[in-house]
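Chemist: Dropping the structure in here first, questions after.
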Amino acid sequence: MPKTIAEINEKIKAGKAVVVTAEEIIDIVKEKGVECATHEVDVVTTGTFGPMCSSSAYFNIGHAKPRMKLGGGKVYLNDVPGYAALAAADFLIGANALPDDDPRNRFHPGEFNYGGGHVIEDLVAGKDVRLVATAYGTDCYPRKKMETWINIKDMNEAVLFNPRNAYQNYNVAVNLSNKTIYTYMGVLKPNAGNVNYCSAGQLSPLLKDPLYRTIGIGTRIFLGGGAGFIAWNGTQHFPNAPRTEIGVPKRGAGTLAVIGDLKQMNPRWLVGTSMLGYGVTLTVGIGVPIPILNEEICRNAAVTDAEIFAGIVDYSDAYPQRRPDIVSETSYAELKSGKIKVQGKDVPTASLSSYSRAMEIATTLKGWIQSGKFLLTEPVAPLPGVDAGITPRALNERPIEE
C-alpha cells in the first residue's frame, strides 16, 4: 500500500522512520528487491556540493540615521558591487559580482581572487564586511553617503536566494582544440588532455527523483548547512531532455530555485570559488529528502552511476558556438573510474563536484531526520514535468548575432 508524507512524518516524530542515504538504498534494493525496500524504507537522503553560479543573497540592513535611500543608488560590500534598485534598505549581491577594479581577463587567464561568492561566504562566517553606499537624497531620505562595517548578526534579514541550483545532470567537458582553454568547467587541456564533469551522480537530488514525483515547490531541504526550501523551478528548467527507459535524463534537464535563512547557514557549505580565466562563483551544498511513497519512487531512488549517462561536449567549439553536437556519451561510473575513452584515446577525468562532501550532506540530513529535528513537507505544487511542453527558448529563436 502506498505511503503518504504525513504518515512518514508521524514515524519521524515517533523515532521509528527508516532513513537511508541515496548510496545505501542501492544496496538495499539490490539485496532485498524494490517491493521489500519500498515497504522497509521511509526516506532516502541525497546530496550535492559543487559550484552553482546562479546564486545570490539579499539583505535588509535597517535604516541609517539620518535615513538613506539605497534604492537607485550604489552599494558595495568589500568593494564588490551589489544591486541596490530594490528599496531604501534592501539590496542584493550575486555570486558572480566582481570589484570594479578587478582586471578580469585583461591579463589572460584572470585570477578572479574575490567576488560576490566570497562576500557571501565571509558574511556567513560571521566576518565584518565593509559597506560603502551612495544615494541621490530625498526629503524623506536625506543622507547621500555611508561608509561602515556590517555583520550578518546585525542585519534585519539575510536570505540566500539562488535562481538556479542542483542541475539535473550536466555536460561532460572536453577541449578538442590545440590550445588550453579556461571555462566554468575548469581548465581544459588541448587535444582532449583531460575531461571535467560536475555532478554527484547517484547522490544528486534530481537524479534520484528524475520525474519530480516528490520534489516540488515547498519541499524542505538542506541548504548551505541550514534548512531551506525549493521556491520554484530553477531557471533553464528543461524536463524534456532525452531520457533513459526509467526516466533518468541524459543531458541537462531540471533545475531548482532555492531559498533559506543565511543566518542559519555554515561557511563549510557556502564557499566562494575562483575559476581561473572565467570568474567567481559560489560552491553550494544542497540535500533533498525523498519520501519513499511507492515502488516507482524507490526504483528511481536506487539508480546507480552505471545507469546515469551524460554527453561529452567540446568546450572549444560546440559549446561556445551553441551547437547541440556531442562527442559521445559516458556513464558516471566510467567518469568516476578516473579515465574514459574520447575518440579512442584514454583521457583522465576529474570532478568539480565533491562526492565525499555530497555524501556528508546526505548523511547529515539523514541524522536530522532520524533525530526528529527535520520533518518532510508536502510540495504545494509540482515542478513542471516531461509533459509540460517546455522547450528551451534559445533553441526557438534566431541567434542574437543575426
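A note on labels: chains of the C-alpha cells are A, B, ... as shown, every chain counts residues from 1, and ligands are counted from 1 in their shown order.
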Can you check which parts of region 266-289 of chain A lie within 10 Å of region 354-376 of chain A? Per residue, the shortest pair of atoms and distance in Å to one decimal, counting only C-alpha atoms, sorted by chain and number, as a tab-separated table.

Modeler:
residue	atom	partner	partner_atom	distance
A:Arg268	CA	A:Arg357	CA	9.8
A:Trp269	CA	A:Arg357	CA	9.0
A:Gly285	CA	A:Ile361	CA	7.2
A:Ile286	CA	A:Ile361	CA	7.2
A:Gly287	CA	A:Ile361	CA	6.0
A:Val288	CA	A:Ala362	CA	8.0
A:Pro289	CA	A:Leu376	CA	7.5

Chemist: Output the selection as a CSV table (one decimal), in the first residue's frame - N, CA, C and O atoms for each residue.

Modeler:
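Once everything was written out, this is again.csv:
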chain,number,residue,atom,x,y,z
A,268,ARG,N,31.1,26.2,5.7
A,268,ARG,CA,31.6,24.9,5.1
A,268,ARG,C,30.8,24.5,3.9
A,268,ARG,O,31.3,23.9,3.0
A,269,TRP,N,29.5,25.0,3.9
A,269,TRP,CA,28.6,24.6,2.8
A,269,TRP,C,28.3,25.7,1.8
A,269,TRP,O,27.4,25.6,0.9
A,285,GLY,N,26.1,23.7,-1.0
A,285,GLY,CA,25.7,22.3,-0.5
A,285,GLY,C,24.2,22.2,-0.4
A,285,GLY,O,23.6,23.1,0.2
A,286,ILE,N,23.6,21.2,-1.1
A,286,ILE,CA,22.2,21.0,-1.1
A,286,ILE,C,21.9,19.5,-0.9
A,286,ILE,O,22.6,18.7,-1.5
A,287,GLY,N,20.9,19.3,-0.1
A,287,GLY,CA,20.5,17.9,0.2
A,287,GLY,C,19.0,17.9,0.2
A,287,GLY,O,18.3,18.7,0.8
A,288,VAL,N,18.4,16.9,-0.5
A,288,VAL,CA,16.9,16.8,-0.6
A,288,VAL,C,16.5,15.5,-0.1
A,288,VAL,O,17.0,14.4,-0.6
A,289,PRO,N,15.5,15.4,0.8
A,289,PRO,CA,15.0,14.1,1.2
A,289,PRO,C,13.9,13.6,0.2
A,289,PRO,O,13.1,14.4,-0.2

Chemist: Within 8 Å of region 106-125 of chain A, which residues of region 76-97 of chain A come that close, and what is the closest atom pair and distance in Å for each? Count only C-alpha atoms and give it as JSON lines.

Modeler:
{"residue": "A:Leu77", "atom": "CA", "partner": "A:Val119", "partner_atom": "CA", "distance": 7.1}
{"residue": "A:Asn78", "atom": "CA", "partner": "A:Val119", "partner_atom": "CA", "distance": 7.2}
{"residue": "A:Val80", "atom": "CA", "partner": "A:Gly115", "partner_atom": "CA", "distance": 6.1}
{"residue": "A:Ile93", "atom": "CA", "partner": "A:Gly116", "partner_atom": "CA", "distance": 6.2}
{"residue": "A:Gly94", "atom": "CA", "partner": "A:Gly116", "partner_atom": "CA", "distance": 5.5}
{"residue": "A:Ala95", "atom": "CA", "partner": "A:Gly117", "partner_atom": "CA", "distance": 4.1}
{"residue": "A:Asn96", "atom": "CA", "partner": "A:Gly116", "partner_atom": "CA", "distance": 5.6}
{"residue": "A:Ala97", "atom": "CA", "partner": "A:Gly116", "partner_atom": "CA", "distance": 4.7}

Chemist: Mind dumping the selected residues with N, CA, C and O atoms as a PDB file, in the first residue's frame?

Modeler:
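Done, and the output landed in out11.pdb:
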ATOM      1  N   LEU A  77      30.029  45.912  -1.075  1.00  0.00           N
ATOM      2  CA  LEU A  77      30.441  45.126   0.076  1.00  0.00           C
ATOM      3  C   LEU A  77      31.856  44.629  -0.179  1.00  0.00           C
ATOM      4  O   LEU A  77      32.086  43.876  -1.146  1.00  0.00           O
ATOM      5  N   ASN A  78      32.793  45.064   0.649  1.00  0.00           N
ATOM      6  CA  ASN A  78      34.214  44.744   0.414  1.00  0.00           C
ATOM      7  C   ASN A  78      34.606  45.051  -1.030  1.00  0.00           C
ATOM      8  O   ASN A  78      35.291  44.265  -1.698  1.00  0.00           O
ATOM      9  N   VAL A  80      32.880  44.930  -3.650  1.00  0.00           N
ATOM     10  CA  VAL A  80      32.120  44.169  -4.642  1.00  0.00           C
ATOM     11  C   VAL A  80      30.733  44.809  -4.790  1.00  0.00           C
ATOM     12  O   VAL A  80      30.038  44.998  -3.788  1.00  0.00           O
ATOM     13  N   ILE A  93      23.253  40.812  -3.607  1.00  0.00           N
ATOM     14  CA  ILE A  93      24.566  40.592  -4.203  1.00  0.00           C
ATOM     15  C   ILE A  93      24.583  39.237  -4.896  1.00  0.00           C
ATOM     16  O   ILE A  93      24.051  38.253  -4.369  1.00  0.00           O
ATOM     17  N   GLY A  94      25.123  39.215  -6.100  1.00  0.00           N
ATOM     18  CA  GLY A  94      25.187  37.978  -6.874  1.00  0.00           C
ATOM     19  C   GLY A  94      26.531  37.297  -6.735  1.00  0.00           C
ATOM     20  O   GLY A  94      27.564  37.954  -6.517  1.00  0.00           O
ATOM     21  N   ALA A  95      26.537  35.981  -6.860  1.00  0.00           N
ATOM     22  CA  ALA A  95      27.766  35.213  -6.686  1.00  0.00           C
ATOM     23  C   ALA A  95      28.840  35.590  -7.697  1.00  0.00           C
ATOM     24  O   ALA A  95      30.036  35.490  -7.409  1.00  0.00           O
ATOM     25  N   ASN A  96      28.444  36.042  -8.892  1.00  0.00           N
ATOM     26  CA  ASN A  96      29.408  36.365  -9.955  1.00  0.00           C
ATOM     27  C   ASN A  96      29.952  37.792  -9.900  1.00  0.00           C
ATOM     28  O   ASN A  96      30.814  38.160 -10.692  1.00  0.00           O
ATOM     29  N   ALA A  97      29.444  38.627  -8.988  1.00  0.00           N
ATOM     30  CA  ALA A  97      29.826  40.042  -8.960  1.00  0.00           C
ATOM     31  C   ALA A  97      31.322  40.209  -8.701  1.00  0.00           C
ATOM     32  O   ALA A  97      31.919  39.476  -7.906  1.00  0.00           O
TER      33      ALA A  97
END

Chemist: Give the helix (DSSP H, G or I) residues of region 129-346 of chain A, as DSSP finds them on the backbone, and put them as a PDB file with all heavy atoms, in the first residue's frame.

Modeler:
ATOM      1  N   ILE A 152      26.519  40.070   9.693  1.00  0.00           N
ATOM      2  CA  ILE A 152      25.253  39.403   9.417  1.00  0.00           C
ATOM      3  C   ILE A 152      24.339  39.363  10.638  1.00  0.00           C
ATOM      4  O   ILE A 152      23.116  39.439  10.518  1.00  0.00           O
ATOM      5  CB  ILE A 152      25.500  37.985   8.863  1.00  0.00           C
ATOM      6  CG1 ILE A 152      24.214  37.414   8.244  1.00  0.00           C
ATOM      7  CG2 ILE A 152      26.067  37.062   9.920  1.00  0.00           C
ATOM      8  CD1 ILE A 152      24.431  36.128   7.474  1.00  0.00           C
ATOM      9  N   LYS A 153      24.915  39.289  11.824  1.00  0.00           N
ATOM     10  CA  LYS A 153      24.095  39.187  13.031  1.00  0.00           C
ATOM     11  C   LYS A 153      23.327  40.476  13.308  1.00  0.00           C
ATOM     12  O   LYS A 153      22.312  40.471  14.027  1.00  0.00           O
ATOM     13  CB  LYS A 153      24.950  38.810  14.235  1.00  0.00           C
ATOM     14  CG  LYS A 153      25.892  39.893  14.736  1.00  0.00           C
ATOM     15  CD  LYS A 153      26.651  39.413  15.985  1.00  0.00           C
ATOM     16  CE  LYS A 153      27.491  40.515  16.611  1.00  0.00           C
ATOM     17  NZ  LYS A 153      28.572  40.955  15.715  1.00  0.00           N
ATOM     18  N   ASP A 154      23.778  41.598  12.728  1.00  0.00           N
ATOM     19  CA  ASP A 154      23.114  42.879  12.956  1.00  0.00           C
ATOM     20  C   ASP A 154      22.073  43.218  11.885  1.00  0.00           C
ATOM     21  O   ASP A 154      21.369  44.225  12.006  1.00  0.00           O
ATOM     22  CB  ASP A 154      24.157  44.002  13.006  1.00  0.00           C
ATOM     23  CG  ASP A 154      25.176  43.788  14.110  1.00  0.00           C
ATOM     24  OD1 ASP A 154      24.768  43.344  15.204  1.00  0.00           O
ATOM     25  OD2 ASP A 154      26.373  44.049  13.877  1.00  0.00           O
ATOM     26  N   GLY A 201      26.220  12.503  -9.334  1.00  0.00           N
ATOM     27  CA  GLY A 201      25.725  11.252  -9.902  1.00  0.00           C
ATOM     28  C   GLY A 201      24.666  10.600  -9.042  1.00  0.00           C
ATOM     29  O   GLY A 201      23.609  11.164  -8.789  1.00  0.00           O
ATOM     30  N   GLN A 202      24.942   9.411  -8.545  1.00  0.00           N
ATOM     31  CA  GLN A 202      23.943   8.620  -7.816  1.00  0.00           C
ATOM     32  C   GLN A 202      23.573   9.201  -6.449  1.00  0.00           C
ATOM     33  O   GLN A 202      22.694   8.665  -5.773  1.00  0.00           O
ATOM     34  CB  GLN A 202      24.449   7.186  -7.642  1.00  0.00           C
ATOM     35  CG  GLN A 202      25.697   7.058  -6.797  1.00  0.00           C
ATOM     36  CD  GLN A 202      26.263   5.641  -6.786  1.00  0.00           C
ATOM     37  OE1 GLN A 202      25.959   4.823  -7.644  1.00  0.00           O
ATOM     38  NE2 GLN A 202      27.096   5.337  -5.795  1.00  0.00           N
ATOM     39  N   LEU A 203      24.204  10.300  -6.036  1.00  0.00           N
ATOM     40  CA  LEU A 203      23.790  11.003  -4.825  1.00  0.00           C
ATOM     41  C   LEU A 203      22.985  12.258  -5.138  1.00  0.00           C
ATOM     42  O   LEU A 203      22.353  12.825  -4.244  1.00  0.00           O
ATOM     43  CB  LEU A 203      25.021  11.415  -4.005  1.00  0.00           C
ATOM     44  CG  LEU A 203      25.669  10.379  -3.094  1.00  0.00           C
ATOM     45  CD1 LEU A 203      26.922  10.958  -2.462  1.00  0.00           C
ATOM     46  CD2 LEU A 203      24.697   9.922  -2.021  1.00  0.00           C
ATOM     47  N   PRO A 205      20.316  15.053  -6.027  1.00  0.00           N
ATOM     48  CA  PRO A 205      18.876  15.057  -5.736  1.00  0.00           C
ATOM     49  C   PRO A 205      17.967  14.771  -6.917  1.00  0.00           C
ATOM     50  O   PRO A 205      17.150  13.845  -6.863  1.00  0.00           O
ATOM     51  CB  PRO A 205      18.641  16.465  -5.177  1.00  0.00           C
ATOM     52  CG  PRO A 205      19.957  16.844  -4.562  1.00  0.00           C
ATOM     53  CD  PRO A 205      20.997  16.223  -5.429  1.00  0.00           C
ATOM     54  N   LEU A 206      18.078  15.532  -7.996  1.00  0.00           N
ATOM     55  CA  LEU A 206      17.130  15.386  -9.097  1.00  0.00           C
ATOM     56  C   LEU A 206      17.393  14.145  -9.945  1.00  0.00           C
ATOM     57  O   LEU A 206      16.531  13.740 -10.725  1.00  0.00           O
ATOM     58  CB  LEU A 206      17.135  16.636  -9.975  1.00  0.00           C
ATOM     59  CG  LEU A 206      16.492  17.878  -9.346  1.00  0.00           C
ATOM     60  CD1 LEU A 206      16.629  19.085 -10.274  1.00  0.00           C
ATOM     61  CD2 LEU A 206      15.029  17.648  -9.011  1.00  0.00           C
ATOM     62  N   LEU A 207      18.558  13.530  -9.789  1.00  0.00           N
ATOM     63  CA  LEU A 207      18.802  12.267 -10.483  1.00  0.00           C
ATOM     64  C   LEU A 207      18.199  11.085  -9.730  1.00  0.00           C
ATOM     65  O   LEU A 207      18.039   9.999 -10.291  1.00  0.00           O
ATOM     66  CB  LEU A 207      20.303  12.051 -10.689  1.00  0.00           C
ATOM     67  CG  LEU A 207      20.947  12.974 -11.732  1.00  0.00           C
ATOM     68  CD1 LEU A 207      22.459  12.787 -11.757  1.00  0.00           C
ATOM     69  CD2 LEU A 207      20.358  12.740 -13.121  1.00  0.00           C
ATOM     70  N   LYS A 208      17.856  11.296  -8.451  1.00  0.00           N
ATOM     71  CA  LYS A 208      17.244  10.238  -7.660  1.00  0.00           C
ATOM     72  C   LYS A 208      15.716  10.347  -7.620  1.00  0.00           C
ATOM     73  O   LYS A 208      15.034   9.444  -7.120  1.00  0.00           O
ATOM     74  CB  LYS A 208      17.801  10.257  -6.226  1.00  0.00           C
ATOM     75  CG  LYS A 208      19.313  10.138  -6.155  1.00  0.00           C
ATOM     76  CD  LYS A 208      19.837   8.839  -6.759  1.00  0.00           C
ATOM     77  CE  LYS A 208      19.840   7.727  -5.747  1.00  0.00           C
ATOM     78  NZ  LYS A 208      20.593   6.542  -6.171  1.00  0.00           N
ATOM     79  N   LEU A 262      20.062  32.863   5.574  1.00  0.00           N
ATOM     80  CA  LEU A 262      21.521  32.849   5.530  1.00  0.00           C
ATOM     81  C   LEU A 262      22.129  32.814   6.930  1.00  0.00           C
ATOM     82  O   LEU A 262      23.220  32.277   7.138  1.00  0.00           O
ATOM     83  CB  LEU A 262      22.020  34.073   4.759  1.00  0.00           C
ATOM     84  CG  LEU A 262      23.438  34.047   4.203  1.00  0.00           C
ATOM     85  CD1 LEU A 262      23.594  32.958   3.163  1.00  0.00           C
ATOM     86  CD2 LEU A 262      23.808  35.404   3.604  1.00  0.00           C
ATOM     87  N   LYS A 263      21.424  33.374   7.902  1.00  0.00           N
ATOM     88  CA  LYS A 263      21.959  33.420   9.267  1.00  0.00           C
ATOM     89  C   LYS A 263      22.072  32.030   9.893  1.00  0.00           C
ATOM     90  O   LYS A 263      22.815  31.853  10.851  1.00  0.00           O
ATOM     91  CB  LYS A 263      21.078  34.309  10.148  1.00  0.00           C
ATOM     92  CG  LYS A 263      21.108  35.783   9.782  1.00  0.00           C
ATOM     93  CD  LYS A 263      20.320  36.605  10.786  1.00  0.00           C
ATOM     94  CE  LYS A 263      20.378  38.084  10.456  1.00  0.00           C
ATOM     95  NZ  LYS A 263      19.707  38.904  11.482  1.00  0.00           N
ATOM     96  N   GLN A 264      21.332  31.065   9.358  1.00  0.00           N
ATOM     97  CA  GLN A 264      21.361  29.709   9.899  1.00  0.00           C
ATOM     98  C   GLN A 264      22.345  28.806   9.153  1.00  0.00           C
ATOM     99  O   GLN A 264      22.457  27.621   9.477  1.00  0.00           O
ATOM    100  CB  GLN A 264      19.954  29.088   9.814  1.00  0.00           C
ATOM    101  CG  GLN A 264      18.867  29.901  10.485  1.00  0.00           C
ATOM    102  CD  GLN A 264      19.130  30.121  11.952  1.00  0.00           C
ATOM    103  OE1 GLN A 264      19.557  29.206  12.659  1.00  0.00           O
ATOM    104  NE2 GLN A 264      18.899  31.331  12.429  1.00  0.00           N
ATOM    105  N   GLU A 295       6.658   2.049  -5.184  1.00  0.00           N
ATOM    106  CA  GLU A 295       7.754   1.293  -5.783  1.00  0.00           C
ATOM    107  C   GLU A 295       8.466   2.062  -6.893  1.00  0.00           C
ATOM    108  O   GLU A 295       9.680   1.923  -7.074  1.00  0.00           O
ATOM    109  CB  GLU A 295       7.235  -0.046  -6.307  1.00  0.00           C
ATOM    110  CG  GLU A 295       6.836  -1.014  -5.196  1.00  0.00           C
ATOM    111  CD  GLU A 295       6.429  -2.380  -5.722  1.00  0.00           C
ATOM    112  OE1 GLU A 295       6.729  -2.687  -6.907  1.00  0.00           O
ATOM    113  OE2 GLU A 295       5.810  -3.156  -4.954  1.00  0.00           O
ATOM    114  N   GLU A 296       7.740   2.868  -7.671  1.00  0.00           N
ATOM    115  CA  GLU A 296       8.379   3.654  -8.727  1.00  0.00           C
ATOM    116  C   GLU A 296       9.411   4.603  -8.131  1.00  0.00           C
ATOM    117  O   GLU A 296      10.542   4.724  -8.630  1.00  0.00           O
ATOM    118  CB  GLU A 296       7.338   4.447  -9.512  1.00  0.00           C
ATOM    119  CG  GLU A 296       7.966   5.324 -10.601  1.00  0.00           C
ATOM    120  CD  GLU A 296       7.067   6.457 -11.086  1.00  0.00           C
ATOM    121  OE1 GLU A 296       6.132   6.840 -10.358  1.00  0.00           O
ATOM    122  OE2 GLU A 296       7.324   6.958 -12.198  1.00  0.00           O
ATOM    123  N   ILE A 297       9.027   5.294  -7.063  1.00  0.00           N
ATOM    124  CA  ILE A 297       9.938   6.239  -6.414  1.00  0.00           C
ATOM    125  C   ILE A 297      11.143   5.500  -5.846  1.00  0.00           C
ATOM    126  O   ILE A 297      12.285   5.961  -5.958  1.00  0.00           O
ATOM    127  CB  ILE A 297       9.195   7.035  -5.316  1.00  0.00           C
ATOM    128  CG1 ILE A 297       8.152   7.950  -5.959  1.00  0.00           C
ATOM    129  CG2 ILE A 297      10.169   7.846  -4.470  1.00  0.00           C
ATOM    130  CD1 ILE A 297       7.175   8.560  -4.975  1.00  0.00           C
ATOM    131  N   CYS A 298      10.908   4.326  -5.263  1.00  0.00           N
ATOM    132  CA  CYS A 298      12.005   3.536  -4.702  1.00  0.00           C
ATOM    133  C   CYS A 298      12.973   3.088  -5.797  1.00  0.00           C
ATOM    134  O   CYS A 298      14.196   3.184  -5.631  1.00  0.00           O
ATOM    135  CB  CYS A 298      11.438   2.338  -3.952  1.00  0.00           C
ATOM    136  SG  CYS A 298      12.696   1.347  -3.111  1.00  0.00           S
ATOM    137  N   ARG A 299      12.451   2.611  -6.912  1.00  0.00           N
ATOM    138  CA  ARG A 299      13.319   2.164  -8.011  1.00  0.00           C
ATOM    139  C   ARG A 299      14.168   3.306  -8.529  1.00  0.00           C
ATOM    140  O   ARG A 299      15.375   3.135  -8.760  1.00  0.00           O
ATOM    141  CB  ARG A 299      12.460   1.593  -9.153  1.00  0.00           C
ATOM    142  CG  ARG A 299      13.250   1.300 -10.437  1.00  0.00           C
ATOM    143  CD  ARG A 299      14.280   0.203 -10.216  1.00  0.00           C
ATOM    144  NE  ARG A 299      15.168   0.025 -11.354  1.00  0.00           N
ATOM    145  CZ  ARG A 299      16.337   0.636 -11.519  1.00  0.00           C
ATOM    146  NH1 ARG A 299      16.784   1.492 -10.605  1.00  0.00           N
ATOM    147  NH2 ARG A 299      17.087   0.393 -12.582  1.00  0.00           N
ATOM    148  N   ASN A 300      13.562   4.467  -8.683  1.00  0.00           N
ATOM    149  CA  ASN A 300      14.321   5.610  -9.177  1.00  0.00           C
ATOM    150  C   ASN A 300      15.371   6.067  -8.172  1.00  0.00           C
ATOM    151  O   ASN A 300      16.467   6.486  -8.553  1.00  0.00           O
ATOM    152  CB  ASN A 300      13.374   6.763  -9.505  1.00  0.00           C
ATOM    153  CG  ASN A 300      12.583   6.525 -10.786  1.00  0.00           C
ATOM    154  OD1 ASN A 300      13.039   5.804 -11.676  1.00  0.00           O
ATOM    155  ND2 ASN A 300      11.407   7.102 -10.888  1.00  0.00           N
ATOM    156  N   ALA A 301      15.047   5.989  -6.879  1.00  0.00           N
ATOM    157  CA  ALA A 301      15.998   6.406  -5.843  1.00  0.00           C
ATOM    158  C   ALA A 301      17.205   5.483  -5.791  1.00  0.00           C
ATOM    159  O   ALA A 301      18.259   5.867  -5.268  1.00  0.00           O
ATOM    160  CB  ALA A 301      15.311   6.456  -4.484  1.00  0.00           C
ATOM    161  N   ASP A 305      25.324   4.911 -10.594  1.00  0.00           N
ATOM    162  CA  ASP A 305      26.164   5.667 -11.525  1.00  0.00           C
ATOM    163  C   ASP A 305      26.243   4.996 -12.893  1.00  0.00           C
ATOM    164  O   ASP A 305      26.370   5.662 -13.918  1.00  0.00           O
ATOM    165  CB  ASP A 305      27.577   5.832 -10.956  1.00  0.00           C
ATOM    166  CG  ASP A 305      27.659   6.906  -9.882  1.00  0.00           C
ATOM    167  OD1 ASP A 305      26.883   7.880  -9.948  1.00  0.00           O
ATOM    168  OD2 ASP A 305      28.498   6.764  -8.975  1.00  0.00           O
ATOM    169  N   ALA A 306      26.160   3.673 -12.907  1.00  0.00           N
ATOM    170  CA  ALA A 306      26.238   2.947 -14.177  1.00  0.00           C
ATOM    171  C   ALA A 306      24.998   3.153 -15.038  1.00  0.00           C
ATOM    172  O   ALA A 306      25.026   2.895 -16.249  1.00  0.00           O
ATOM    173  CB  ALA A 306      26.432   1.454 -13.910  1.00  0.00           C
ATOM    174  N   GLU A 307      23.914   3.644 -14.426  1.00  0.00           N
ATOM    175  CA  GLU A 307      22.657   3.869 -15.142  1.00  0.00           C
ATOM    176  C   GLU A 307      22.437   5.347 -15.484  1.00  0.00           C
ATOM    177  O   GLU A 307      21.405   5.700 -16.040  1.00  0.00           O
ATOM    178  CB  GLU A 307      21.481   3.379 -14.303  1.00  0.00           C
ATOM    179  CG  GLU A 307      21.511   1.898 -13.979  1.00  0.00           C
ATOM    180  CD  GLU A 307      20.422   1.524 -12.995  1.00  0.00           C
ATOM    181  OE1 GLU A 307      20.560   1.844 -11.794  1.00  0.00           O
ATOM    182  OE2 GLU A 307      19.414   0.921 -13.424  1.00  0.00           O
ATOM    183  N   TYR A 332      28.384   7.845 -15.412  1.00  0.00           N
ATOM    184  CA  TYR A 332      29.095   8.373 -14.255  1.00  0.00           C
ATOM    185  C   TYR A 332      29.981   7.314 -13.618  1.00  0.00           C
ATOM    186  O   TYR A 332      30.998   7.653 -12.997  1.00  0.00           O
ATOM    187  CB  TYR A 332      28.105   8.960 -13.242  1.00  0.00           C
ATOM    188  CG  TYR A 332      27.688  10.358 -13.656  1.00  0.00           C
ATOM    189  CD1 TYR A 332      26.572  10.559 -14.446  1.00  0.00           C
ATOM    190  CD2 TYR A 332      28.454  11.462 -13.300  1.00  0.00           C
ATOM    191  CE1 TYR A 332      26.216  11.824 -14.868  1.00  0.00           C
ATOM    192  CE2 TYR A 332      28.106  12.732 -13.712  1.00  0.00           C
ATOM    193  CZ  TYR A 332      26.979  12.916 -14.497  1.00  0.00           C
ATOM    194  OH  TYR A 332      26.641  14.168 -14.923  1.00  0.00           O
ATOM    195  N   ALA A 333      29.634   6.051 -13.778  1.00  0.00           N
ATOM    196  CA  ALA A 333      30.532   5.002 -13.298  1.00  0.00           C
ATOM    197  C   ALA A 333      31.863   5.068 -14.035  1.00  0.00           C
ATOM    198  O   ALA A 333      32.943   4.933 -13.438  1.00  0.00           O
ATOM    199  CB  ALA A 333      29.880   3.632 -13.482  1.00  0.00           C
ATOM    200  N   GLU A 334      31.810   5.289 -15.341  1.00  0.00           N
ATOM    201  CA  GLU A 334      33.040   5.418 -16.129  1.00  0.00           C
ATOM    202  C   GLU A 334      33.800   6.682 -15.737  1.00  0.00           C
ATOM    203  O   GLU A 334      35.029   6.660 -15.571  1.00  0.00           O
ATOM    204  CB  GLU A 334      32.692   5.435 -17.619  1.00  0.00           C
ATOM    205  CG  GLU A 334      32.150   4.115 -18.132  1.00  0.00           C
ATOM    206  CD  GLU A 334      31.567   4.207 -19.530  1.00  0.00           C
ATOM    207  OE1 GLU A 334      31.030   5.276 -19.908  1.00  0.00           O
ATOM    208  OE2 GLU A 334      31.630   3.193 -20.245  1.00  0.00           O
ATOM    209  N   LEU A 335      33.081   7.796 -15.573  1.00  0.00           N
ATOM    210  CA  LEU A 335      33.742   9.043 -15.203  1.00  0.00           C
ATOM    211  C   LEU A 335      34.455   8.912 -13.863  1.00  0.00           C
ATOM    212  O   LEU A 335      35.582   9.385 -13.695  1.00  0.00           O
ATOM    213  CB  LEU A 335      32.705  10.171 -15.125  1.00  0.00           C
ATOM    214  CG  LEU A 335      32.163  10.681 -16.464  1.00  0.00           C
ATOM    215  CD1 LEU A 335      30.926  11.539 -16.243  1.00  0.00           C
ATOM    216  CD2 LEU A 335      33.230  11.473 -17.216  1.00  0.00           C
ATOM    217  N   LYS A 336      33.804   8.242 -12.906  1.00  0.00           N
ATOM    218  CA  LYS A 336      34.391   8.119 -11.572  1.00  0.00           C
ATOM    219  C   LYS A 336      35.503   7.081 -11.506  1.00  0.00           C
ATOM    220  O   LYS A 336      36.210   6.995 -10.487  1.00  0.00           O
ATOM    221  CB  LYS A 336      33.286   7.806 -10.556  1.00  0.00           C
ATOM    222  CG  LYS A 336      32.336   8.985 -10.330  1.00  0.00           C
ATOM    223  CD  LYS A 336      31.201   8.654  -9.375  1.00  0.00           C
ATOM    224  CE  LYS A 336      30.276   9.851  -9.211  1.00  0.00           C
ATOM    225  NZ  LYS A 336      29.128   9.546  -8.310  1.00  0.00           N
TER     226      LYS A 336
END

Chemist: Within 12 Å of Ser177 (chain A), counting only C-alpha atoms, which residues show up once you throw out same-chain ones fewer than 2 positions away? Write them as an NGL selection string, please.

Modeler: :A and (174-175 or 179-181 or 188-193 or 314-318)

Chemist: Would you please give, as a ChimeraX atom specification, all residues of region 298-347 of chain A that DSSP assigns to strand (DSSP E or B) based on the backbone?

Modeler: /A:309-314,328-331,339-342,345-347

Chemist: Using only C-alpha atoms, pick whichever of A:Leu131, A:Thr4, A:Ala350, A:Asp90 has the shortest atom-to-atom distance to Val195 (chain A).

Modeler: A:Ala350

Chemist: Quick one, how far is CA of Ile150 (chain A) from CA of Gly260 (chain A)?

Modeler: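 Atom-to-atom, CA of Ile150 (chain A) to CA of Gly260 (chain A), that is 20.2 Å.
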
Chemist: Quick check, in Å to one decimal: how far apart do CA of Pro379 (chain A) and CA of Leu223 (chain A) lie?

Modeler: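 Separating CA of Pro379 (chain A) from CA of Leu223 (chain A) is a distance of 16.7 Å.
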
Chemist: Write out as a CSV table (one decimal) with N, CA, C and O atoms, in the first residue's frame each polymer residue whose atoms come within 8 Å of Val342 (chain A), counting only C-alpha atoms; drop sequence neighbours fewer than 4 positions from it.

Modeler:
chain,number,residue,atom,x,y,z
A,192,ALA,N,42.1,17.0,-26.1
A,192,ALA,CA,41.4,16.1,-25.2
A,192,ALA,C,42.4,15.6,-24.1
A,192,ALA,O,42.5,14.4,-23.8
A,327,VAL,N,30.3,14.7,-28.5
A,327,VAL,CA,31.4,13.8,-29.0
A,327,VAL,C,30.9,12.4,-28.8
A,327,VAL,O,31.1,11.6,-29.7
A,328,SER,N,30.4,12.1,-27.6
A,328,SER,CA,29.9,10.7,-27.3
A,328,SER,C,29.2,10.8,-26.0
A,328,SER,O,29.1,11.9,-25.4
A,346,ASP,N,42.5,7.2,-24.2
A,346,ASP,CA,42.2,7.2,-22.8
A,346,ASP,C,42.5,8.6,-22.2
A,346,ASP,O,43.6,9.2,-22.4
A,347,VAL,N,41.5,9.2,-21.6
A,347,VAL,CA,41.6,10.6,-21.1
A,347,VAL,C,41.3,10.6,-19.6
A,347,VAL,O,40.3,10.0,-19.2
